[in-house]
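Colleague: This is work-v6.txt (compact mmCIF, C-alpha atoms and all ligand atoms).
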```
# COMPACT_ATOMS: atom_id res chain seq x y z
CA MET A 1 92.51 -85.88 -56.95
CA SER A 2 92.45 -82.85 -59.24
CA ALA A 3 96.19 -82.33 -58.57
CA LEU A 4 97.20 -85.98 -59.01
CA PRO A 5 97.53 -86.49 -62.80
CA TRP A 6 101.00 -84.87 -62.78
CA ARG A 7 102.30 -87.66 -60.51
CA LEU A 8 100.43 -90.63 -61.97
CA ARG A 9 102.83 -91.53 -64.78
CA ALA A 10 105.62 -92.08 -62.27
CA LEU A 11 103.32 -94.15 -60.03
CA ALA A 12 102.25 -96.33 -62.97
CA LEU A 13 105.88 -97.20 -63.80
CA ARG A 14 106.76 -98.39 -60.28
CA PRO A 15 105.88 -102.05 -59.39
CA PRO A 16 103.21 -101.62 -56.69
CA VAL A 17 103.17 -103.33 -53.31
CA PRO A 18 100.15 -105.73 -53.15
CA ALA A 19 98.03 -103.29 -51.12
CA ALA A 20 98.50 -100.59 -53.78
CA ALA A 21 97.80 -102.78 -56.83
CA ALA A 22 94.19 -101.57 -57.21
CA LEU A 23 95.30 -97.93 -56.99
CA ALA A 24 98.04 -98.59 -59.57
CA VAL A 25 95.56 -100.13 -62.05
CA PHE A 26 92.44 -98.00 -61.50
CA VAL A 27 93.93 -94.61 -60.57
CA ALA A 28 97.42 -94.53 -62.09
CA GLY A 29 96.35 -96.60 -65.13
CA ALA A 30 99.15 -99.21 -64.90
CA GLU A 31 99.00 -102.51 -66.76
CA LEU A 32 99.82 -105.35 -64.34
CA PRO A 33 99.87 -109.15 -64.15
CA ALA A 34 96.37 -110.36 -63.17
CA GLU A 35 98.04 -112.07 -60.20
CA ALA A 36 98.68 -108.62 -58.70
CA LEU A 37 94.91 -108.17 -58.22
CA ARG A 38 94.32 -111.62 -56.72
CA THR A 39 92.82 -110.18 -53.51
CA MET A 40 90.05 -108.38 -55.42
CA LYS A 41 86.59 -109.78 -56.22
CA PRO A 42 86.51 -112.17 -59.21
CA LEU A 43 88.25 -110.34 -62.00
CA ASP A 44 85.76 -111.80 -64.51
CA GLU A 45 83.01 -109.67 -62.92
CA LEU A 46 85.06 -106.51 -63.42
CA VAL A 47 85.75 -107.56 -67.02
CA ALA A 48 82.02 -108.22 -67.58
CA VAL A 49 81.00 -104.69 -66.51
CA GLY A 50 83.76 -103.09 -68.58
CA LEU A 51 85.95 -101.97 -65.66
CA LEU A 52 88.88 -104.24 -66.54
CA GLU A 53 90.39 -105.60 -69.77
CA ARG A 54 92.36 -108.85 -69.73
CA THR A 55 94.93 -109.82 -72.35
CA GLY A 56 96.55 -113.16 -71.47
CA ASP A 57 97.77 -112.80 -67.92
CA ARG A 58 97.85 -108.96 -68.03
CA VAL A 59 95.09 -106.62 -66.84
CA ARG A 60 94.43 -102.97 -67.60
CA ALA A 61 91.58 -100.64 -66.66
CA PRO A 62 89.90 -98.90 -69.63
CA LEU A 63 88.38 -96.36 -67.20
CA ALA A 64 89.65 -94.76 -63.99
CA ILE A 65 88.10 -95.48 -60.60
CA VAL A 66 88.96 -92.60 -58.28
CA PRO A 67 88.47 -92.62 -54.49
CA LEU A 68 86.19 -89.73 -53.52
CA GLY A 69 85.49 -89.60 -49.77
CA ALA A 70 83.64 -92.82 -49.01
CA ALA A 71 82.62 -93.21 -52.68
CA LEU A 72 84.27 -94.38 -55.89
CA LEU A 73 84.05 -92.15 -58.95
CA VAL A 74 84.34 -93.65 -62.45
CA CYS A 75 85.67 -91.40 -65.24
CA ASP A 76 88.01 -91.53 -68.21
CA ARG A 77 91.66 -92.34 -67.52
CA HIS A 78 93.92 -89.35 -66.89
CA ASP A 79 95.79 -90.21 -70.11
CA ALA A 80 92.67 -90.65 -72.32
CA ALA A 81 92.77 -88.85 -75.68
CA ASP A 82 90.66 -85.74 -76.10
CA ASP A 83 87.28 -86.61 -77.59
CA GLU A 84 83.83 -85.03 -77.71
CA GLN A 85 82.43 -87.61 -75.27
CA LEU A 86 85.42 -87.63 -72.91
CA VAL A 87 84.37 -87.77 -69.24
CA CYS A 88 87.18 -85.78 -67.71
CA TRP A 89 89.22 -86.54 -64.63
CA PRO A 90 87.82 -84.38 -61.81
CA ASP A 91 89.27 -80.88 -61.80
CA ASP A 92 89.02 -78.03 -59.32
CA SER A 93 85.68 -76.90 -60.77
CA SER A 94 84.14 -80.21 -59.61
CA TYR A 95 85.45 -79.59 -56.08
CA HIS A 96 84.27 -75.96 -56.00
CA LEU A 97 80.68 -76.98 -56.76
CA ALA A 98 80.63 -79.95 -54.39
CA THR A 99 82.12 -78.03 -51.45
CA ALA A 100 79.92 -74.93 -52.02
CA ILE A 101 76.67 -76.72 -51.18
CA GLU A 102 75.23 -76.06 -47.72
CA PRO A 103 74.94 -79.12 -45.46
CA GLY A 104 71.51 -80.54 -44.55
CA ARG A 105 69.21 -83.22 -45.91
CA ARG A 106 66.75 -82.43 -48.73
CA ALA A 107 64.11 -84.68 -50.28
CA ARG A 108 65.38 -84.22 -53.85
CA TRP A 109 68.57 -82.88 -55.48
CA LEU A 110 68.84 -82.36 -59.22
CA ASP A 111 72.41 -82.11 -60.57
CA LEU A 112 72.32 -80.63 -64.09
CA ALA A 113 75.25 -81.60 -66.36
CA CYS A 114 76.31 -84.19 -63.78
CA GLY A 115 79.22 -85.69 -65.74
CA SER A 116 80.60 -88.58 -63.70
CA ALA A 117 78.27 -87.56 -60.80
CA PHE A 118 81.17 -86.02 -58.89
CA ALA A 119 79.04 -83.76 -56.66
CA PRO A 120 76.37 -86.42 -55.82
CA LEU A 121 79.10 -88.97 -54.97
CA ALA A 122 81.12 -86.43 -52.97
CA ARG A 123 78.04 -85.34 -50.96
CA PRO A 124 75.59 -88.29 -51.10
CA GLU A 125 74.21 -87.42 -47.66
CA LEU A 126 72.57 -84.22 -48.95
CA ALA A 127 69.32 -85.74 -50.29
CA ASP A 128 67.05 -88.76 -50.11
CA GLU A 129 66.94 -88.87 -53.90
CA ILE A 130 69.66 -87.47 -56.18
CA ARG A 131 69.14 -87.30 -59.92
CA GLY A 132 71.86 -86.29 -62.36
CA ILE A 133 71.30 -85.46 -66.01
CA ASP A 134 73.88 -85.07 -68.76
CA LEU A 135 73.86 -84.83 -72.55
CA ASN A 136 76.84 -87.18 -72.86
CA PRO A 137 75.73 -90.85 -72.85
CA ARG A 138 79.22 -91.96 -71.74
CA ALA A 139 78.95 -89.64 -68.72
CA VAL A 140 75.60 -91.18 -67.82
CA ARG A 141 77.07 -94.67 -68.09
CA VAL A 142 80.06 -93.93 -65.84
CA ALA A 143 77.90 -91.97 -63.38
CA ARG A 144 75.74 -95.08 -62.97
CA LEU A 145 78.83 -97.28 -62.56
CA GLY A 146 80.19 -94.92 -59.89
CA ALA A 147 76.87 -94.85 -58.02
CA GLY A 148 76.72 -98.66 -58.17
CA LEU A 149 80.32 -99.17 -56.98
CA SER A 150 79.67 -96.67 -54.17
CA GLY A 151 76.49 -98.40 -53.01
CA CYS A 152 74.54 -95.17 -53.60
CA ARG A 153 71.19 -96.51 -54.79
CA HIS A 154 69.62 -93.08 -54.28
CA VAL A 155 71.91 -91.56 -56.96
CA THR A 156 70.59 -91.99 -60.52
CA ALA A 157 71.64 -90.55 -63.87
CA GLU A 158 69.72 -89.95 -67.11
CA GLU A 159 70.65 -88.70 -70.55
CA ALA A 160 68.99 -85.31 -71.17
CA ASP A 161 69.74 -81.84 -72.49
CA ILE A 162 70.24 -79.02 -70.02
CA GLY A 163 66.88 -77.50 -71.04
CA ALA A 164 64.75 -80.60 -70.25
CA ALA A 165 61.94 -80.34 -67.66
CA HIS A 166 62.25 -82.08 -64.28
CA ALA A 167 60.27 -82.85 -61.12
CA PRO A 168 60.75 -80.14 -58.45
CA ALA A 169 63.89 -80.43 -56.29
CA ALA A 170 64.88 -78.44 -53.20
CA LEU A 171 68.47 -78.28 -54.46
CA VAL A 172 69.47 -77.76 -58.11
CA THR A 173 73.17 -77.65 -59.00
CA CYS A 174 75.28 -77.29 -62.12
CA ASN A 175 79.02 -77.25 -62.76
CA ALA A 176 78.73 -75.70 -66.18
CA PRO A 177 81.10 -76.09 -69.15
CA ILE A 178 83.00 -73.05 -70.39
CA PRO A 179 81.74 -70.66 -73.11
CA ASN A 180 83.96 -70.65 -76.24
CA ASP A 181 86.39 -73.24 -74.84
CA PRO A 182 88.62 -74.66 -77.60
CA ASP A 183 88.52 -78.18 -76.11
CA ALA A 184 86.85 -80.98 -78.10
CA ALA A 185 85.13 -82.46 -75.03
CA ILE A 186 81.60 -81.27 -74.25
CA TRP A 187 82.71 -81.74 -70.64
CA ARG A 188 84.60 -78.44 -71.05
CA ARG A 189 82.99 -76.69 -74.00
CA ALA A 190 79.50 -75.18 -73.65
CA GLY A 191 77.48 -75.58 -76.85
CA PRO A 192 75.38 -72.77 -78.36
CA GLY A 193 72.53 -71.66 -76.12
CA PHE A 194 73.70 -73.74 -73.12
CA PHE A 195 73.36 -70.89 -70.61
CA ALA A 196 70.17 -69.50 -72.18
CA ARG A 197 68.60 -72.89 -71.38
CA MET A 198 70.42 -73.74 -68.14
CA TRP A 199 69.38 -70.82 -65.90
CA PRO A 200 65.61 -70.98 -66.72
CA SER A 201 65.69 -74.78 -66.52
CA ALA A 202 67.29 -74.71 -63.05
CA ARG A 203 64.72 -72.16 -61.89
CA ALA A 204 61.80 -74.13 -63.32
CA ALA A 205 62.97 -77.31 -61.52
CA LEU A 206 63.39 -75.61 -58.14
CA ALA A 207 60.88 -76.44 -55.38
CA PRO A 208 59.54 -73.44 -53.39
CA GLY A 209 62.13 -72.20 -50.87
CA GLY A 210 64.92 -74.11 -52.55
CA GLU A 211 68.41 -73.10 -53.69
CA ILE A 212 70.34 -73.25 -56.96
CA VAL A 213 74.16 -73.54 -56.81
CA VAL A 214 76.12 -73.06 -60.05
CA HIS A 215 79.84 -73.12 -60.82
CA SER A 216 80.57 -71.23 -64.04
CA THR A 217 82.59 -68.47 -65.59
CA LEU A 218 81.55 -65.03 -64.37
CA GLU A 219 80.46 -63.88 -67.82
CA ALA A 220 77.93 -66.76 -67.94
CA VAL A 221 76.04 -65.44 -64.87
CA PRO A 222 73.14 -63.14 -65.90
CA ALA A 223 73.13 -59.74 -64.22
CA ASP A 224 69.34 -59.86 -63.77
CA LEU A 225 68.75 -63.05 -61.74
CA ASP A 226 65.63 -62.46 -59.63
CA GLY A 227 65.51 -62.94 -55.84
CA GLU A 228 68.79 -63.38 -53.97
CA ALA A 229 71.87 -64.15 -56.06
CA ILE A 230 75.34 -64.20 -54.47
CA THR A 231 78.32 -64.74 -56.78
CA VAL A 232 81.80 -65.30 -55.32
CA VAL A 233 84.68 -65.22 -57.82
CA TYR A 234 87.84 -67.11 -56.85
CA THR A 235 90.21 -66.19 -59.68
CA PRO A 236 92.29 -63.02 -59.20
CA PRO A 237 91.18 -59.66 -60.64
CA GLY A 238 92.48 -59.28 -64.18
CA GLU A 239 92.04 -63.03 -64.91
CA ARG A 240 88.93 -64.64 -66.38
CA GLY A 241 86.39 -64.92 -63.60
CA TYR A 242 85.43 -68.38 -62.34
CA ALA A 243 82.77 -68.35 -59.66
CA VAL A 244 80.09 -70.05 -57.66
CA THR A 245 76.61 -68.49 -57.62
CA TRP A 246 74.14 -69.27 -54.84
CA TRP A 247 70.68 -68.32 -56.19
CA ARG A 248 67.45 -68.26 -54.17
CA PRO A 249 64.76 -66.95 -56.55
CA GLY A 250 62.15 -66.99 -53.74
CA ALA A 251 64.18 -64.80 -51.36
CA ALA A 252 64.13 -61.01 -51.06
CA GLY A 253 65.93 -59.34 -53.97
CA ARG A 254 69.69 -58.96 -53.46
CA ARG A 255 72.56 -59.13 -55.99
CA ILE A 256 76.16 -59.39 -54.79
CA VAL A 257 79.27 -60.12 -56.86
CA CYS A 258 82.48 -60.33 -54.86
CA GLN A 259 85.89 -61.91 -54.65
CA ARG A 260 87.65 -64.42 -52.38
CA ALA A 261 91.31 -65.40 -52.72
CA LEU A 262 91.97 -69.14 -52.47
CA THR A 263 94.46 -70.25 -49.80
CA PRO A 264 96.17 -73.57 -48.95
CA ALA A 265 93.83 -73.87 -45.96
CA ARG A 266 90.72 -73.11 -48.05
CA PRO A 267 91.52 -74.11 -51.67
CA HIS A 268 87.85 -74.30 -52.73
CA LEU A 269 84.73 -72.20 -52.17
CA ASP A 270 82.34 -73.25 -49.42
CA PRO A 271 79.14 -71.94 -47.76
CA ARG A 272 81.17 -69.60 -45.53
CA ASP A 273 81.91 -67.57 -48.65
CA ARG A 274 78.21 -66.97 -49.22
CA ASP A 275 77.81 -65.88 -45.58
CA ASP A 276 80.87 -63.61 -45.85
CA ALA A 277 79.52 -62.06 -49.05
CA LEU A 278 76.15 -61.35 -47.39
CA ALA A 279 77.88 -59.85 -44.35
CA GLY A 280 79.98 -57.53 -46.55
CA ARG A 281 83.25 -59.22 -45.52
CA LEU A 282 84.45 -59.86 -49.13
CA ALA A 283 85.77 -57.33 -51.64
CA PRO A 284 83.37 -56.49 -54.47
CA ARG A 285 84.26 -57.71 -57.97
CA ASP A 286 83.30 -55.93 -61.15
CA SER A 287 80.84 -58.39 -62.74
CA ALA A 288 81.97 -57.29 -66.22
CA ALA A 289 85.65 -58.09 -65.47
C1 LIG B 1 82.43 -79.06 -66.43
S1 LIG B 1 81.59 -80.59 -66.72
C2 LIG B 1 80.94 -80.91 -65.08
C3 LIG B 1 80.76 -82.36 -64.80
C4 LIG B 1 80.45 -82.70 -63.34
N1 LIG B 1 79.20 -82.05 -62.95
C5 LIG B 1 81.58 -82.30 -62.44
O1 LIG B 1 81.42 -81.32 -61.70
O2 LIG B 1 82.63 -82.95 -62.45
C6 LIG B 1 80.18 -80.04 -67.65
C7 LIG B 1 79.19 -81.13 -68.02
O3 LIG B 1 78.17 -80.54 -68.85
C8 LIG B 1 77.70 -81.54 -69.74
N2 LIG B 1 76.96 -80.87 -70.82
C9 LIG B 1 77.45 -80.10 -71.81
N3 LIG B 1 76.45 -79.65 -72.59
C10 LIG B 1 75.29 -80.14 -72.06
C11 LIG B 1 73.92 -80.02 -72.40
N4 LIG B 1 73.52 -79.28 -73.46
N5 LIG B 1 73.00 -80.64 -71.64
C12 LIG B 1 73.39 -81.38 -70.56
N6 LIG B 1 74.68 -81.54 -70.18
C13 LIG B 1 75.62 -80.93 -70.92
C14 LIG B 1 78.98 -82.22 -70.19
O4 LIG B 1 78.74 -83.46 -70.79
C15 LIG B 1 79.75 -82.27 -68.87
O5 LIG B 1 79.52 -83.49 -68.22
```
Would you encode the structure as C-alpha cells?

Modeller:
Amino acid sequence: MSALPWRLRALALRPPVPAAAALAVFVAGAELPAEALRTMKPLDELVAVGLLERTGDRVRAPLAIVPLGAALLVCDRHDAADDEQLVCWPDDSSYHLATAIEPGRRARWLDLACGSAFAPLARPELADEIRGIDLNPRAVRVARLGAGLSGCRHVTAEEADIGAAHAPAALVTCNAPIPNDPDAAIWRRAGPGFFARMWPSARAALAPGGEIVVHSTLEAVPADLDGEAITVVYTPPGERGYAVTWWRPGAAGRRIVCQRALTPARPHLDPRDRDDALAGRLAPRDSAA
C-alpha cells in the first residue's frame, strides 16, 4: 500500500468493473455514480458515519479505506492537502514497525502515537487488548473507524500526548514522527520535547519482562537506554539513519547499533534482524552517523 499512491490517479480515471468499484472509490479516490456501489451495504449508512459523500447520483469518499491484511485501515485520501491534522496514507515506516514486532499473544499492547492504528490493525492477533493513543483527534477518529470496520473490538484509541501515563502493557510500540521535519502534518513532524517524553513514557508503561519496539530516526534513539537495546538501521551509510529499536529495560545490559540492507525479498525489518544483530551477523553502524 505504501507504494500505491503513484498508480492511483490512473486507476481513478478508468471506469471500474463492478467488482472493483469499492476499491476505485475508497482506495483510488474516484467519484462514481452511486449505482456503481449497488452491491454494498446501504449507502446511507456509509454517508451517516462520514465514509461516503453523496451529491445527486454521484458518490465520493472523503477518507480512504485501505485493505490491510484481513483488516480495513481508514486514513486521509492519498491526494489530501497537507494539513497539521492530516492522517497520512501508510508509508514504509508504518510497515517497518508492524513487521518488527515478535509474534505471540500478550495481555495488553500500548501503541503510542498510533495514527490510523496501522500496527494494531496489521497485527491484531498480538494482544487481548490493544490501546492506541495519539495527539491528533482526527487520527483517533479514523483509528476507531478502522477498528470498527475491521471488527476489532479489542482495538481502542484515545486522544493523549505522548507523555501521558498508562496502565502497564507487555508490549509498547511507537512509530515516531521525524525531528525537524518541514512537513505541516504532526504525523511526520515531531514537536518540541517529543522524544524527551516518549522514551520515559514507554518505559513507565512497560509491564515487567515486556518489550518496547520503536521506529524512529537514529539520532532520536538515546545512547544510554538501560537494559538490552538493539537498534537496526535500514538506510544506507551516509544517509540519514532510520531504524527500529527493540528495547528490553529488564534484560541484561547490552547496546548494539547495526545495519541491514533492505532487499526485494525482505523490504522491511522483522524480528530476524534483532536475532541477527544479537548473533553478530550484521555490520555495526556508527550511532552518530
Ligand atoms: C509517523 S506517524 C505514525 C502513525 C502510525 N503509528 C503508523 O505507524 O502509521 C507519527 C504519529 O505521532 C503522532 N504524534 C505526534 N506528536 C504527538 C504527541 N506529542 N503525542 C502523541 N502523538 C503524537 C502523530 O499524530 C502521528 O499519528

Colleague: Counting only C-alpha atoms and all ligand atoms, what are the residues, protein, DNA or RNA alike, that approach ligand LIG 1 (chain B) to within 8 Å? I want them as number ranges by chain.

Modeller: A: 85, 87-91, 93-95, 97-98, 111-119, 133-136, 139, 159-163, 174-178, 185-191, 194

Colleague: Within 12 Å of A:Ala71, counting all atoms listed in the file, which residues qualify if same-chain residues fewer than 4 places away don't, as a PyMOL selection string?

Modeller: chain A and resi 65-67+117-125+143+145-152+155

Colleague: Which one is closest to A:Tyr242: A:Ala202, A:Val214, A:Ala229, A:Leu23? Count all atoms listed in the file.

Modeller: A:Val214

Colleague: What is the atom CA of A:Asp270 to atom CA of A:Asp224 distance in Å?

Modeller: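 Result for atom CA of A:Asp270 versus atom CA of A:Asp224: 23.5 Å, one decimal.
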
Colleague: Using all atoms listed in the file, list the residues that have an atom at most 10 Å from (99.7, -112.1, -68.2), coordinates as in the file, as a list in words.

Modeller: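 Counting all atoms listed in the file, I find these residues within 10 Å of (99.7, -112.1, -68.2): Glu31, Leu32, Pro33, Ala34, Glu35, Arg54, Thr55, Gly56, Asp57, Arg58 and Val59 of chain A.
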
Colleague: Ranking A:Arg254, A:Arg203, A:Arg38, A:Arg105 by minimum distance to A:Ala223 and counting all atoms listed in the file, which one comes first?

Modeller: A:Arg254

Colleague: When distances are computed from only C-alpha atoms, which of A:Met40, A:Leu63, A:Val49, A:Ala127 shows the smallest separation from A:Pro18?

Modeller: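 So, comparing all the options, the nearest one is A:Met40.
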
Colleague: Please report the interatomic distance between atom CA of A:His78 and atom CA of A:Ala184 in Å with one decimal.

Modeller: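 About the pair atom CA of A:His78 and atom CA of A:Ala184: they are 15.7 Å apart.
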
Colleague: Figure out the distance between atom CA of A:Ile230 and atom CA of A:Ile256, please, to one decimal in Å.

Modeller: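 Here the two named atoms are 4.9 Å from each other.
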
Colleague: Looking at A:Gly50, A:Arg77, A:Asp44, A:Ile101, which one is nearest to A:Gly29, with distances taken over all atoms listed in the file?

Modeller: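 With all atoms listed in the file as the atom set, the closest residue is A:Arg77.
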
Colleague: Could you check the closest approach to A:Leu37 for each of A:Leu68, A:Glu239, A:Ala19, A:Glu53 and tell me which residue wins, using all atoms listed in the file?

Modeller: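 Distance minimum relative to A:Leu37 lands on A:Ala19.
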
Colleague: I'd like the box whose edges run along x, y and z of the file and which contains every listed atom of stretch 108-121 of chain A, padded by 4 Å per side; could you state its centre and edge lengths in Å, one decimal, as lines of an AutoDock Vina configuration file?

Modeller:
```
center_x = 73.3
center_y = -84.8
center_z = -60.1
size_x = 23.8
size_y = 16.3
size_z = 20.5
```

Colleague: Quick one: residues within 8 Å of A:Pro271, all atoms listed in the file counted, chain neighbours fewer than 6 positions away excluded, as an MDAnalysis selection string?

Modeller: chainID A and resid 99:102

Colleague: Do you know which residues are at most 12 Å from A:Pro208 counting only C-alpha atoms, after dropping those on the same chain fewer than 4 positions away, and could you put them as a count of residues only?

Modeller: 12

Colleague: Counting all atoms listed in the file, which residue out of A:Val232, A:Gly69, A:Arg240, A:Arg255 sits closest to A:Asp276?

Modeller: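 Smallest separation from A:Asp276 among the options: A:Val232.
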
Colleague: Which residues, written as a CSV table (one decimal) with C-alpha atoms, keeping the file's coordinate frame, have at least one atom at most 8 Å from A:Ala220, with all atoms listed in the file counted and residues fewer than 4 positions away on the same chain left out?

Modeller:
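Result went into out.csv, see below:
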```csv
chain,number,residue,atom,x,y,z
A,179,PRO,CA,81.7,-70.7,-73.1
A,195,PHE,CA,73.4,-70.9,-70.6
A,216,SER,CA,80.6,-71.2,-64.0
```
